[in-house]
>>> print(open('protein13.pdb').read())   # PDB, C-alpha atoms and all ligand atoms
ATOM      1  CA  MET T   3       7.527  -0.384  39.999  1.00  0.00           C
ATOM      2  CA  ASN T   4       6.451  -4.011  40.245  1.00  0.00           C
ATOM      3  CA  LEU T   5       4.433  -5.196  37.273  1.00  0.00           C
ATOM      4  CA  ASP T   6       2.299  -8.311  37.259  1.00  0.00           C
ATOM      5  CA  ILE T   7       3.464  -9.561  33.843  1.00  0.00           C
ATOM      6  CA  ASP T   8       1.162 -12.611  33.834  1.00  0.00           C
ATOM      7  CA  ARG T   9      -1.847 -10.381  34.485  1.00  0.00           C
ATOM      8  CA  ILE T  10      -0.760  -7.929  31.759  1.00  0.00           C
ATOM      9  CA  LYS T  11      -0.363 -10.773  29.257  1.00  0.00           C
ATOM     10  CA  PHE T  12      -3.730 -12.224  30.225  1.00  0.00           C
ATOM     11  CA  GLU T  13      -5.423  -8.860  29.644  1.00  0.00           C
ATOM     12  CA  PHE T  14      -3.567  -8.373  26.357  1.00  0.00           C
ATOM     13  CA  ASP T  15      -4.840 -11.753  25.094  1.00  0.00           C
ATOM     14  CA  ASP T  16      -8.312 -11.293  26.526  1.00  0.00           C
ATOM     15  CA  LYS T  17      -9.023  -7.669  25.520  1.00  0.00           C
ATOM     16  CA  GLY T  18      -6.247  -6.710  23.083  1.00  0.00           C
ATOM     17  CA  PHE T  19      -5.688  -3.528  25.118  1.00  0.00           C
ATOM     18  CA  VAL T  20      -3.942  -2.912  28.446  1.00  0.00           C
ATOM     19  CA  HIS T  21      -3.685   0.384  30.328  1.00  0.00           C
ATOM     20  CA  ILE T  22      -0.931   0.631  32.945  1.00  0.00           C
ATOM     21  CA  PRO T  23      -1.283   3.834  35.000  1.00  0.00           C
ATOM     22  CA  CYS T  24       2.097   4.847  36.512  1.00  0.00           C
ATOM     23  CA  THR T  25       2.868   7.334  39.258  1.00  0.00           C
ATOM     24  CA  GLU T  26       6.329   7.985  37.789  1.00  0.00           C
ATOM     25  CA  PRO T  27       7.852   7.452  34.339  1.00  0.00           C
ATOM     26  CA  MET T  28       8.948   3.895  33.577  1.00  0.00           C
ATOM     27  CA  SER T  29      12.596   3.872  32.510  1.00  0.00           C
ATOM     28  CA  ALA T  30      13.621   2.931  28.979  1.00  0.00           C
ATOM     29  CA  ALA T  31      15.041  -0.323  30.364  1.00  0.00           C
ATOM     30  CA  ALA T  32      11.776  -1.184  32.171  1.00  0.00           C
ATOM     31  CA  LEU T  33       9.675  -0.440  29.071  1.00  0.00           C
ATOM     32  CA  LEU T  34      11.938  -2.641  26.968  1.00  0.00           C
ATOM     33  CA  GLU T  35      11.792  -5.433  29.527  1.00  0.00           C
ATOM     34  CA  LEU T  36       7.998  -5.270  29.499  1.00  0.00           C
ATOM     35  CA  ALA T  37       7.805  -5.412  25.677  1.00  0.00           C
ATOM     36  CA  LYS T  38      10.435  -8.168  25.515  1.00  0.00           C
ATOM     37  CA  SER T  39       8.458 -10.283  27.976  1.00  0.00           C
ATOM     38  CA  PHE T  40       6.091 -10.829  24.996  1.00  0.00           C
ATOM     39  CA  GLY T  41       8.772 -11.466  22.373  1.00  0.00           C
ATOM     40  CA  PRO T  42      11.455  -9.832  20.198  1.00  0.00           C
ATOM     41  CA  VAL T  43      11.212  -6.085  19.537  1.00  0.00           C
ATOM     42  CA  LEU T  44      11.524  -4.155  16.266  1.00  0.00           C
ATOM     43  CA  GLU T  45      14.646  -2.027  15.935  1.00  0.00           C
ATOM     44  CA  GLY T  46      14.980   1.069  13.753  1.00  0.00           C
ATOM     45  CA  GLU T  47      17.690   3.569  12.937  1.00  0.00           C
ATOM     46  CA  ARG T  48      16.105   7.008  13.076  1.00  0.00           C
ATOM     47  CA  HIS T  49      13.917   8.856  15.574  1.00  0.00           C
ATOM     48  CA  THR T  50      14.905   6.483  18.345  1.00  0.00           C
ATOM     49  CA  ARG T  51      15.847   7.322  21.933  1.00  0.00           C
ATOM     50  CA  ASP T  52      18.120   5.426  24.355  1.00  0.00           C
ATOM     51  CA  HIS T  53      17.714   2.173  22.361  1.00  0.00           C
ATOM     52  CA  PRO T  54      17.050   1.369  18.668  1.00  0.00           C
ATOM     53  CA  ALA T  55      13.689  -0.191  19.619  1.00  0.00           C
ATOM     54  CA  ILE T  56      12.362   2.969  21.330  1.00  0.00           C
ATOM     55  CA  GLN T  57      10.695   5.181  18.712  1.00  0.00           C
ATOM     56  CA  VAL T  58       9.965   8.800  19.493  1.00  0.00           C
ATOM     57  CA  ILE T  59       6.526   9.994  18.370  1.00  0.00           C
ATOM     58  CA  SER T  60       6.459  13.776  18.634  1.00  0.00           C
ATOM     59  CA  GLU T  61       5.954  17.001  16.694  1.00  0.00           C
ATOM     60  CA  SER T  62       9.614  16.768  15.617  1.00  0.00           C
ATOM     61  CA  GLY T  63       9.811  12.953  15.625  1.00  0.00           C
ATOM     62  CA  LEU T  64       7.839  10.187  13.951  1.00  0.00           C
ATOM     63  CA  PHE T  65       4.580  11.324  12.297  1.00  0.00           C
ATOM     64  CA  GLY T  66       5.081  14.963  13.345  1.00  0.00           C
ATOM     65  CA  ASP T  67       1.959  16.748  14.620  1.00  0.00           C
ATOM     66  CA  GLN T  68      -0.364  15.672  11.827  1.00  0.00           C
ATOM     67  CA  ASP T  69      -3.596  13.686  11.808  1.00  0.00           C
ATOM     68  CA  LEU T  70      -3.068   9.912  11.936  1.00  0.00           C
ATOM     69  CA  PRO T  71      -6.167   8.274  10.446  1.00  0.00           C
ATOM     70  CA  TRP T  72      -7.470   4.897  11.632  1.00  0.00           C
ATOM     71  CA  HIS T  73      -4.815   2.236  11.189  1.00  0.00           C
ATOM     72  CA  ASN T  74      -3.306  -0.943  12.576  1.00  0.00           C
ATOM     73  CA  ASP T  75       0.431  -0.671  13.281  1.00  0.00           C
ATOM     74  CA  PHE T  76       2.663  -2.876  11.141  1.00  0.00           C
ATOM     75  CA  SER T  77      -0.139  -3.784   8.690  1.00  0.00           C
ATOM     76  CA  TYR T  78       2.471  -3.389   5.908  1.00  0.00           C
ATOM     77  CA  GLY T  79       5.153  -5.171   7.892  1.00  0.00           C
ATOM     78  CA  ASP T  80       7.793  -7.681   7.066  1.00  0.00           C
ATOM     79  CA  GLY T  81       7.856  -9.756  10.241  1.00  0.00           C
ATOM     80  CA  ASP T  82       5.376 -10.189  13.071  1.00  0.00           C
ATOM     81  CA  PHE T  83       5.722  -7.132  15.303  1.00  0.00           C
ATOM     82  CA  PHE T  84       1.986  -6.781  15.858  1.00  0.00           C
ATOM     83  CA  GLY T  85       2.085  -5.687  19.498  1.00  0.00           C
ATOM     84  CA  THR T  86       2.590  -1.988  20.325  1.00  0.00           C
ATOM     85  CA  LEU T  87       3.599  -0.317  23.568  1.00  0.00           C
ATOM     86  CA  LEU T  88       3.035   3.444  23.886  1.00  0.00           C
ATOM     87  CA  ALA T  89       4.348   5.436  26.850  1.00  0.00           C
ATOM     88  CA  ASN T  90       3.432   9.042  27.604  1.00  0.00           C
ATOM     89  CA  ARG T  91       6.675  10.993  28.090  1.00  0.00           C
ATOM     90  CA  LYS T  92       5.427  14.559  27.698  1.00  0.00           C
ATOM     91  CA  ASN T  93       2.005  16.204  27.295  1.00  0.00           C
ATOM     92  CA  GLY T  94       0.222  13.148  25.904  1.00  0.00           C
ATOM     93  CA  ARG T  95      -3.020  14.918  26.928  1.00  0.00           C
ATOM     94  CA  VAL T  96      -2.542  17.422  24.064  1.00  0.00           C
ATOM     95  CA  ALA T  97      -4.097  14.755  21.789  1.00  0.00           C
ATOM     96  CA  SER T  98      -6.148  11.767  22.896  1.00  0.00           C
ATOM     97  CA  THR T  99      -5.697   8.496  21.027  1.00  0.00           C
ATOM     98  CA  SER T 100      -8.870   6.651  19.922  1.00  0.00           C
ATOM     99  CA  PHE T 101      -9.177   2.871  19.731  1.00  0.00           C
ATOM    100  CA  VAL T 102     -11.688   0.348  18.389  1.00  0.00           C
ATOM    101  CA  ASP T 103     -11.920  -3.301  19.348  1.00  0.00           C
ATOM    102  CA  MET T 104     -12.292  -4.918  15.940  1.00  0.00           C
ATOM    103  CA  ALA T 105     -13.601  -8.180  17.435  1.00  0.00           C
ATOM    104  CA  THR T 106     -16.593  -6.222  18.766  1.00  0.00           C
ATOM    105  CA  ALA T 107     -16.948  -4.274  15.502  1.00  0.00           C
ATOM    106  CA  CYS T 108     -16.909  -7.558  13.573  1.00  0.00           C
ATOM    107  CA  ALA T 109     -19.453  -9.255  15.845  1.00  0.00           C
ATOM    108  CA  HIS T 110     -21.873  -6.386  15.082  1.00  0.00           C
ATOM    109  CA  LEU T 111     -21.760  -6.980  11.334  1.00  0.00           C
ATOM    110  CA  PRO T 112     -24.409  -9.274   9.835  1.00  0.00           C
ATOM    111  CA  GLU T 113     -23.054 -12.837   9.595  1.00  0.00           C
ATOM    112  CA  LYS T 114     -23.441 -12.854   5.829  1.00  0.00           C
ATOM    113  CA  GLU T 115     -21.306  -9.726   5.539  1.00  0.00           C
ATOM    114  CA  GLN T 116     -18.661 -11.247   7.820  1.00  0.00           C
ATOM    115  CA  GLU T 117     -18.491 -14.294   5.546  1.00  0.00           C
ATOM    116  CA  ARG T 118     -18.266 -12.108   2.443  1.00  0.00           C
ATOM    117  CA  LEU T 119     -15.440 -10.021   3.935  1.00  0.00           C
ATOM    118  CA  ARG T 120     -13.519 -13.216   4.761  1.00  0.00           C
ATOM    119  CA  MET T 121     -13.173 -13.756   1.008  1.00  0.00           C
ATOM    120  CA  LEU T 122     -11.757 -10.279   0.286  1.00  0.00           C
ATOM    121  CA  MET T 123      -8.048  -9.471   0.524  1.00  0.00           C
ATOM    122  CA  GLY T 124      -6.679  -6.170   1.816  1.00  0.00           C
ATOM    123  CA  HIS T 125      -3.267  -5.042   0.538  1.00  0.00           C
ATOM    124  CA  TYR T 126      -1.222  -2.645   2.692  1.00  0.00           C
ATOM    125  CA  TYR T 127       1.646  -0.229   2.039  1.00  0.00           C
ATOM    126  CA  LEU T 128       4.353   1.437   4.075  1.00  0.00           C
ATOM    127  CA  PRO T 129       3.186   5.032   4.784  1.00  0.00           C
ATOM    128  CA  ALA T 130       5.395   7.848   3.515  1.00  0.00           C
ATOM    129  CA  ALA T 131       5.846   9.188   7.053  1.00  0.00           C
ATOM    130  CA  LEU T 132       7.787   6.040   7.948  1.00  0.00           C
ATOM    131  CA  MET T 133       9.871   5.711   4.799  1.00  0.00           C
ATOM    132  CA  SER T 134      13.420   6.832   5.505  1.00  0.00           C
ATOM    133  CA  ASP T 135      12.153   8.270   8.757  1.00  0.00           C
ATOM    134  CA  PHE T 136      12.308   5.306  11.083  1.00  0.00           C
ATOM    135  CA  TYR T 137      13.385   2.356   8.964  1.00  0.00           C
ATOM    136  CA  SER T 138      16.836   1.870   7.512  1.00  0.00           C
ATOM    137  CA  ASP T 139      17.188   1.688   3.716  1.00  0.00           C
ATOM    138  CA  ARG T 140      17.459  -2.105   3.985  1.00  0.00           C
ATOM    139  CA  GLN T 141      14.322  -2.389   6.163  1.00  0.00           C
ATOM    140  CA  GLU T 142      12.449  -0.036   3.844  1.00  0.00           C
ATOM    141  CA  ARG T 143      13.279  -2.181   0.830  1.00  0.00           C
ATOM    142  CA  SER T 144      12.145  -5.343   2.566  1.00  0.00           C
ATOM    143  CA  MET T 145       8.884  -3.687   3.786  1.00  0.00           C
ATOM    144  CA  LYS T 146       8.141  -2.595   0.227  1.00  0.00           C
ATOM    145  CA  ARG T 147       8.795  -6.114  -1.014  1.00  0.00           C
ATOM    146  CA  ALA T 148       6.642  -7.639   1.740  1.00  0.00           C
ATOM    147  CA  ARG T 149       3.418  -6.892  -0.195  1.00  0.00           C
ATOM    148  CA  SER T 150       1.437  -7.526   2.924  1.00  0.00           C
ATOM    149  CA  THR T 151      -2.047  -8.971   2.370  1.00  0.00           C
ATOM    150  CA  ARG T 152      -4.701 -10.191   4.774  1.00  0.00           C
ATOM    151  CA  PRO T 153      -8.423 -11.092   4.539  1.00  0.00           C
ATOM    152  CA  LEU T 154     -10.784  -8.362   5.794  1.00  0.00           C
ATOM    153  CA  VAL T 155     -12.213 -10.797   8.332  1.00  0.00           C
ATOM    154  CA  PHE T 156     -10.139 -13.561   9.905  1.00  0.00           C
ATOM    155  CA  ASP T 157      -9.794 -15.593  13.078  1.00  0.00           C
ATOM    156  CA  HIS T 158      -7.128 -14.200  15.363  1.00  0.00           C
ATOM    157  CA  PRO T 159      -4.069 -16.503  15.301  1.00  0.00           C
ATOM    158  CA  ALA T 160      -3.597 -16.429  19.090  1.00  0.00           C
ATOM    159  CA  ASN T 161      -7.099 -16.473  20.539  1.00  0.00           C
ATOM    160  CA  GLY T 162      -9.415 -17.502  17.680  1.00  0.00           C
ATOM    161  CA  LYS T 163     -11.618 -14.383  18.013  1.00  0.00           C
ATOM    162  CA  THR T 164     -13.087 -13.274  14.697  1.00  0.00           C
ATOM    163  CA  VAL T 165     -11.786  -9.806  13.830  1.00  0.00           C
ATOM    164  CA  LEU T 166     -12.417  -7.186  11.170  1.00  0.00           C
ATOM    165  CA  TYR T 167      -9.182  -5.792   9.721  1.00  0.00           C
ATOM    166  CA  PHE T 168      -8.751  -3.109   7.051  1.00  0.00           C
ATOM    167  CA  SER T 169      -6.367  -0.425   8.430  1.00  0.00           C
ATOM    168  CA  PRO T 170      -7.730   2.512   6.351  1.00  0.00           C
ATOM    169  CA  GLY T 171      -4.569   4.621   6.854  1.00  0.00           C
ATOM    170  CA  THR T 172      -2.340   2.033   5.175  1.00  0.00           C
ATOM    171  CA  LEU T 173      -4.829   0.273   2.869  1.00  0.00           C
ATOM    172  CA  ARG T 174      -3.602   0.201  -0.740  1.00  0.00           C
ATOM    173  CA  ARG T 175      -6.449  -1.786  -2.319  1.00  0.00           C
ATOM    174  CA  ILE T 176      -8.993  -4.522  -1.730  1.00  0.00           C
ATOM    175  CA  ARG T 177      -9.164  -7.469  -4.078  1.00  0.00           C
ATOM    176  CA  GLY T 178     -12.093  -9.855  -4.573  1.00  0.00           C
ATOM    177  CA  GLY T 179     -15.126  -7.580  -4.181  1.00  0.00           C
ATOM    178  CA  ASP T 180     -16.458  -4.130  -3.386  1.00  0.00           C
ATOM    179  CA  VAL T 181     -16.236  -2.534   0.031  1.00  0.00           C
ATOM    180  CA  ASN T 182     -17.529   0.821   1.192  1.00  0.00           C
ATOM    181  CA  VAL T 183     -14.488   1.687   3.300  1.00  0.00           C
ATOM    182  CA  ASN T 184     -16.031   4.878   4.722  1.00  0.00           C
ATOM    183  CA  GLY T 185     -19.158   2.929   5.641  1.00  0.00           C
ATOM    184  CA  LEU T 186     -17.015   0.365   7.481  1.00  0.00           C
ATOM    185  CA  ILE T 187     -15.166   3.162   9.313  1.00  0.00           C
ATOM    186  CA  THR T 188     -18.502   4.651  10.425  1.00  0.00           C
ATOM    187  CA  HIS T 189     -19.587   1.213  11.637  1.00  0.00           C
ATOM    188  CA  CYS T 190     -16.322   0.805  13.619  1.00  0.00           C
ATOM    189  CA  GLU T 191     -16.554   4.268  15.165  1.00  0.00           C
ATOM    190  CA  ARG T 192     -19.719   3.178  16.995  1.00  0.00           C
ATOM    191  CA  PHE T 193     -17.398   1.077  19.174  1.00  0.00           C
ATOM    192  CA  ALA T 194     -14.526   3.571  19.575  1.00  0.00           C
ATOM    193  CA  TRP T 195     -13.217   4.960  22.837  1.00  0.00           C
ATOM    194  CA  GLN T 196     -10.735   7.738  23.510  1.00  0.00           C
ATOM    195  CA  HIS T 197      -7.733   7.318  25.706  1.00  0.00           C
ATOM    196  CA  HIS T 198      -7.124  10.629  27.524  1.00  0.00           C
ATOM    197  CA  TRP T 199      -3.459  10.407  28.430  1.00  0.00           C
ATOM    198  CA  GLN T 200      -2.471  10.836  32.073  1.00  0.00           C
ATOM    199  CA  PRO T 201       1.172  11.569  33.000  1.00  0.00           C
ATOM    200  CA  ASN T 202       3.387   8.446  32.631  1.00  0.00           C
ATOM    201  CA  ASP T 203       0.596   6.252  31.228  1.00  0.00           C
ATOM    202  CA  VAL T 204       1.671   3.118  29.396  1.00  0.00           C
ATOM    203  CA  LEU T 205      -0.610   1.299  26.917  1.00  0.00           C
ATOM    204  CA  LEU T 206      -0.160  -2.002  25.142  1.00  0.00           C
ATOM    205  CA  TYR T 207      -2.374  -3.112  22.282  1.00  0.00           C
ATOM    206  CA  ASP T 208      -2.730  -5.961  19.849  1.00  0.00           C
ATOM    207  CA  ASN T 209      -2.771  -4.699  16.268  1.00  0.00           C
ATOM    208  CA  PHE T 210      -4.656  -7.739  14.974  1.00  0.00           C
ATOM    209  CA  ARG T 211      -7.464  -6.906  17.367  1.00  0.00           C
ATOM    210  CA  VAL T 212      -7.397  -3.119  17.820  1.00  0.00           C
ATOM    211  CA  MET T 213      -7.336  -0.218  15.346  1.00  0.00           C
ATOM    212  CA  HIS T 214      -6.434   3.336  16.448  1.00  0.00           C
ATOM    213  CA  ARG T 215      -6.171   6.963  15.339  1.00  0.00           C
ATOM    214  CA  ARG T 216      -4.890  10.320  16.591  1.00  0.00           C
ATOM    215  CA  PRO T 217      -5.969  13.870  15.648  1.00  0.00           C
ATOM    216  CA  PRO T 218      -3.485  16.626  14.721  1.00  0.00           C
ATOM    217  CA  PHE T 219      -2.166  18.672  17.635  1.00  0.00           C
ATOM    218  CA  VAL T 220      -0.442  21.954  18.393  1.00  0.00           C
ATOM    219  CA  GLY T 221       2.555  22.244  20.709  1.00  0.00           C
ATOM    220  CA  GLU T 222       4.877  19.760  22.317  1.00  0.00           C
ATOM    221  CA  ARG T 223       3.878  16.145  22.856  1.00  0.00           C
ATOM    222  CA  GLU T 224       6.047  13.053  23.110  1.00  0.00           C
ATOM    223  CA  LEU T 225       5.178   9.370  23.291  1.00  0.00           C
ATOM    224  CA  TRP T 226       7.626   6.490  23.112  1.00  0.00           C
ATOM    225  CA  ARG T 227       6.655   3.474  21.044  1.00  0.00           C
ATOM    226  CA  ILE T 228       7.977  -0.082  21.042  1.00  0.00           C
ATOM    227  CA  GLN T 229       6.698  -2.661  18.561  1.00  0.00           C
ATOM    228  CA  PHE T 230       6.977  -6.243  19.719  1.00  0.00           C
ATOM    229  CA  SER T 231       6.256  -9.742  18.554  1.00  0.00           C
ATOM    230  CA  ALA T 232       3.221 -10.624  20.622  1.00  0.00           C
ATOM    231  CA  TRP T 233       2.628 -14.324  20.141  1.00  0.00           C
ATOM    232  CA  THR T 234       6.051 -15.925  20.453  1.00  0.00           C
ATOM    233  CA  GLU T 235       4.815 -18.313  23.128  1.00  0.00           C
ATOM    234  CA  VAL T 236       1.668 -19.241  21.183  1.00  0.00           C
ATOM    235  CA  ARG T 237       3.759 -20.060  18.131  1.00  0.00           C
ATOM    236  CA  ALA T 238       6.296 -21.992  20.176  1.00  0.00           C
ATOM    237  CA  ALA T 239       3.511 -24.109  21.694  1.00  0.00           C
ATOM    238  CA  SER T 240       1.807 -24.897  18.377  1.00  0.00           C
TER     239      SER T 240
HETATM  240  O1  LIG T 301       0.362   9.644  18.889  1.00  0.00           O
HETATM  241  C1  LIG T 301      -0.538   8.860  19.182  1.00  0.00           C
HETATM  242  O2  LIG T 301      -1.364   9.091  20.046  1.00  0.00           O
HETATM  243  C2  LIG T 301      -0.680   7.544  18.460  1.00  0.00           C
HETATM  244  C3  LIG T 301       0.444   7.253  17.550  1.00  0.00           C
HETATM  245  C4  LIG T 301       0.096   6.187  16.552  1.00  0.00           C
HETATM  246  O3  LIG T 301      -0.936   6.189  15.942  1.00  0.00           O
HETATM  247  C5  LIG T 301       1.032   5.108  16.335  1.00  0.00           C
HETATM  248  O4  LIG T 301       2.029   5.018  17.049  1.00  0.00           O
HETATM  249  O5  LIG T 301       0.796   4.286  15.426  1.00  0.00           O
END
>>> encode(input="protein13.pdb", output="structure tokens")
Amino acid sequence: MNLDIDRIKFEFDDKGFVHIPCTEPMSAAALLELAKSFGPVLEGERHTRDHPAIQVISESGLFGDQDLPWHNDFSYGDGDFFGTLLANRKNGRVASTSFVDMATACAHLPEKEQERLRMLMGHYYLPAALMSDFYSDRQERSMKRARSTRPLVFDHPANGKTVLYFSPGTLRRIRGGDVNVNGLITHCERFAWQHHWQPNDVLLYDNFRVMHRRPPFVGERELWRIQFSAWTEVRAAS
């Protein structure tokens, strides 16, 4: 399958979300090549398939079959693997994945509230489902030490778009003022869409721009996930 990498990167920067419909499954090597065209990929030790950077999300793999509340991947991270690739390997349709463009959600907040949220700091933690499940003991220790913090509103480092960011599923606390987190979630859900997985679908999304969630499911379902460093070229140029 011939991919137009420049077009994919343009869409990733422009929209934060790219859907690549495929008539047949992309191989592990092709998926890795696609992710690596953005930058280095995150490697783990457990629940991987074919390569340490390919994570298996399934009822018996990462996250099991449970509900995954709204979150941004790698919010707790030590490093900059803020791009995610998901590939449907088996029965993705059993549970749709929902997404919200947080640039749009932010633009629909009153300006005064945007400015207030810029002053507040969100602190994030490594979810229990990932501890000792994907990361090695060494990675787990460094993630816990990372004490990842970020303002609730900031300008995206690659494209300057103002985004709202609070990853409810991994949010430990907010410092600097009060926030009605459930109220913010309700606001964001006005802009959510569901991705109904088709066989072999591949998605890429920017975790500084897009938040996502998945409901619990019953049965067999398998996605592959690769986390990649999305703005290597932007950083190199600056
Ligand atoms: O299983 C899904 O549809 C999404 C998985 C997910 O939320 C993640 O990989 O962070």
>>> atom_distance(input="protein13.pdb", atom1="atom CA of T:Thr164", atom2="atom CA of T:Cys108")
7.0 Å
>>> axis_aligned_box(input="protein13.pdb", around="ligand LIG 301 (chain T)", padding_each_side="3 Å", output="AutoDock Vina command-line options")
--center_x 0.3 --center_y 7.0 --center_z 17.7 --size_x 9.4 --size_y 11.4 --size_z 10.6
>>> residues_around(input="protein13.pdb", residues="T:Thr172", least_positions_apart="6", cutoff="8 Å", atoms="all atoms listed in the file", output="list in words")
His73, Ser77, Tyr78, Tyr126, Tyr127, Leu128 and Pro129 of chain T
>>> residues_around(input="protein13.pdb", residues="T:Glu113", least_positions_apart="6", cutoff="12 Å", atoms="all atoms listed in the file", output="PyMOL selection string")
chain T and resi 119-120+155+164
>>> write_last_selection(input="protein13.pdb", atoms="C-alpha atoms", output="CSV table (one decimal), keeping the file's coordinate frame")
chain,number,residue,atom,x,y,z
T,119,LEU,CA,-15.4,-10.0,3.9
T,120,ARG,CA,-13.5,-13.2,4.8
T,155,VAL,CA,-12.2,-10.8,8.3
T,164,THR,CA,-13.1,-13.3,14.7
>>> residues_near_ligand(input="protein13.pdb", ligand="ligand LIG 301 (chain T)", cutoff="8 Å", atoms="all atoms listed in the file", output="MDAnalysis selection string")
chainID T and resid 59:60 65 70:75 86 88 94 97:100 214:217 224:225 227
>>> residues_around(input="protein13.pdb", residues="stretch 189-202 of chain T", least_positions_apart="3", cutoff="10 Å", atoms="all atoms listed in the file", output="JSON, numbers by chain")
{"T": [21, 22, 23, 24, 25, 26, 27, 28, 72, 89, 90, 91, 92, 93, 94, 95, 96, 97, 98, 99, 100, 101, 102, 103, 104, 106, 107, 108, 110, 111, 166, 183, 184, 185, 186, 205, 212, 213, 214, 215, 216, 225]}
>>> closest_residue(input="protein13.pdb", among="T:Pro153, T:Ala30, T:Lys17, T:His49", to="T:Gly63", atoms="all atoms listed in the file")
T:His49
>>> closest_residue(input="protein13.pdb", among="T:Phe168, T:Gly66, T:Asp8, T:Phe84", to="T:Gly41", atoms="all atoms listed in the file")
T:Phe84
>>> atom_distance(input="protein13.pdb", atom1="atom CA of T:Val204", atom2="atom CA of T:Glu13")
13.9 Å
>>> atom_distance(input="protein13.pdb", atom1="atom CA of T:Ala105", atom2="atom CA of T:Arg174")
22.4 Å
>>> closest_residue(input="protein13.pdb", among="T:Asp15, T:Asp80, T:Asp208, T:Glu117", to="T:Gly162", atoms="only C-alpha atoms")
T:Asp15
>>> closest_residue(input="protein13.pdb", among="T:Pro170, T:Leu34, T:Asn209, T:Leu5", to="T:Gly18", atoms="all atoms listed in the file")
T:Asn209
>>> closest_residue(input="protein13.pdb", among="T:Gln116, T:Lys163, T:Leu206, T:Ile10", to="T:Gln229", atoms="only C-alpha atoms")
T:Leu206
>>> residues_near_point(input="protein13.pdb", point="(17.0, -1.6, 25.8)", cutoff="12 Å", atoms="all atoms listed in the file", output="PyMOL selection string")
chain T and resi 29-38+42-45+50-57+228
>>> write_last_selection(input="protein13.pdb", atoms="C-alpha atoms", output="compact mmCIF listing (two decimals), in the frame of the given file")
# COMPACT_ATOMS: atom_id res chain seq x y z
CA SER T 29 12.60 3.87 32.51
CA ALA T 30 13.62 2.93 28.98
CA ALA T 31 15.04 -0.32 30.36
CA ALA T 32 11.78 -1.18 32.17
CA LEU T 33 9.68 -0.44 29.07
CA LEU T 34 11.94 -2.64 26.97
CA GLU T 35 11.79 -5.43 29.53
CA LEU T 36 8.00 -5.27 29.50
CA ALA T 37 7.80 -5.41 25.68
CA LYS T 38 10.44 -8.17 25.52
CA PRO T 42 11.46 -9.83 20.20
CA VAL T 43 11.21 -6.08 19.54
CA LEU T 44 11.52 -4.16 16.27
CA GLU T 45 14.65 -2.03 15.94
CA THR T 50 14.90 6.48 18.34
CA ARG T 51 15.85 7.32 21.93
CA ASP T 52 18.12 5.43 24.36
CA HIS T 53 17.71 2.17 22.36
CA PRO T 54 17.05 1.37 18.67
CA ALA T 55 13.69 -0.19 19.62
CA ILE T 56 12.36 2.97 21.33
CA GLN T 57 10.70 5.18 18.71
CA ILE T 228 7.98 -0.08 21.04
>>> closest_residue(input="protein13.pdb", among="T:Gly46, T:Leu87, T:Asp67, T:Leu154", to="T:Trp226", atoms="only C-alpha atoms")
T:Leu87
>>> resolve_selection(input="protein13.pdb", expression="the PyMOL selection byres (((chain T and resi 151) around 7) and not hetatm)", output="number ranges by chain")
T: 123-126, 149-150, 152
>>> write_last_selection(input="protein13.pdb", atoms="C-alpha atoms", output="compact mmCIF listing (two decimals), in the coordinates of the input")
# COMPACT_ATOMS: atom_id res chain seq x y z
CA MET T 123 -8.05 -9.47 0.52
CA GLY T 124 -6.68 -6.17 1.82
CA HIS T 125 -3.27 -5.04 0.54
CA TYR T 126 -1.22 -2.64 2.69
CA ARG T 149 3.42 -6.89 -0.20
CA SER T 150 1.44 -7.53 2.92
CA ARG T 152 -4.70 -10.19 4.77
>>> residues_around(input="protein13.pdb", residues="T:Asp16", least_positions_apart="4", cutoff="9 Å", atoms="all atoms listed in the file", output="ChimeraX atom specification")
/T:11-12,161
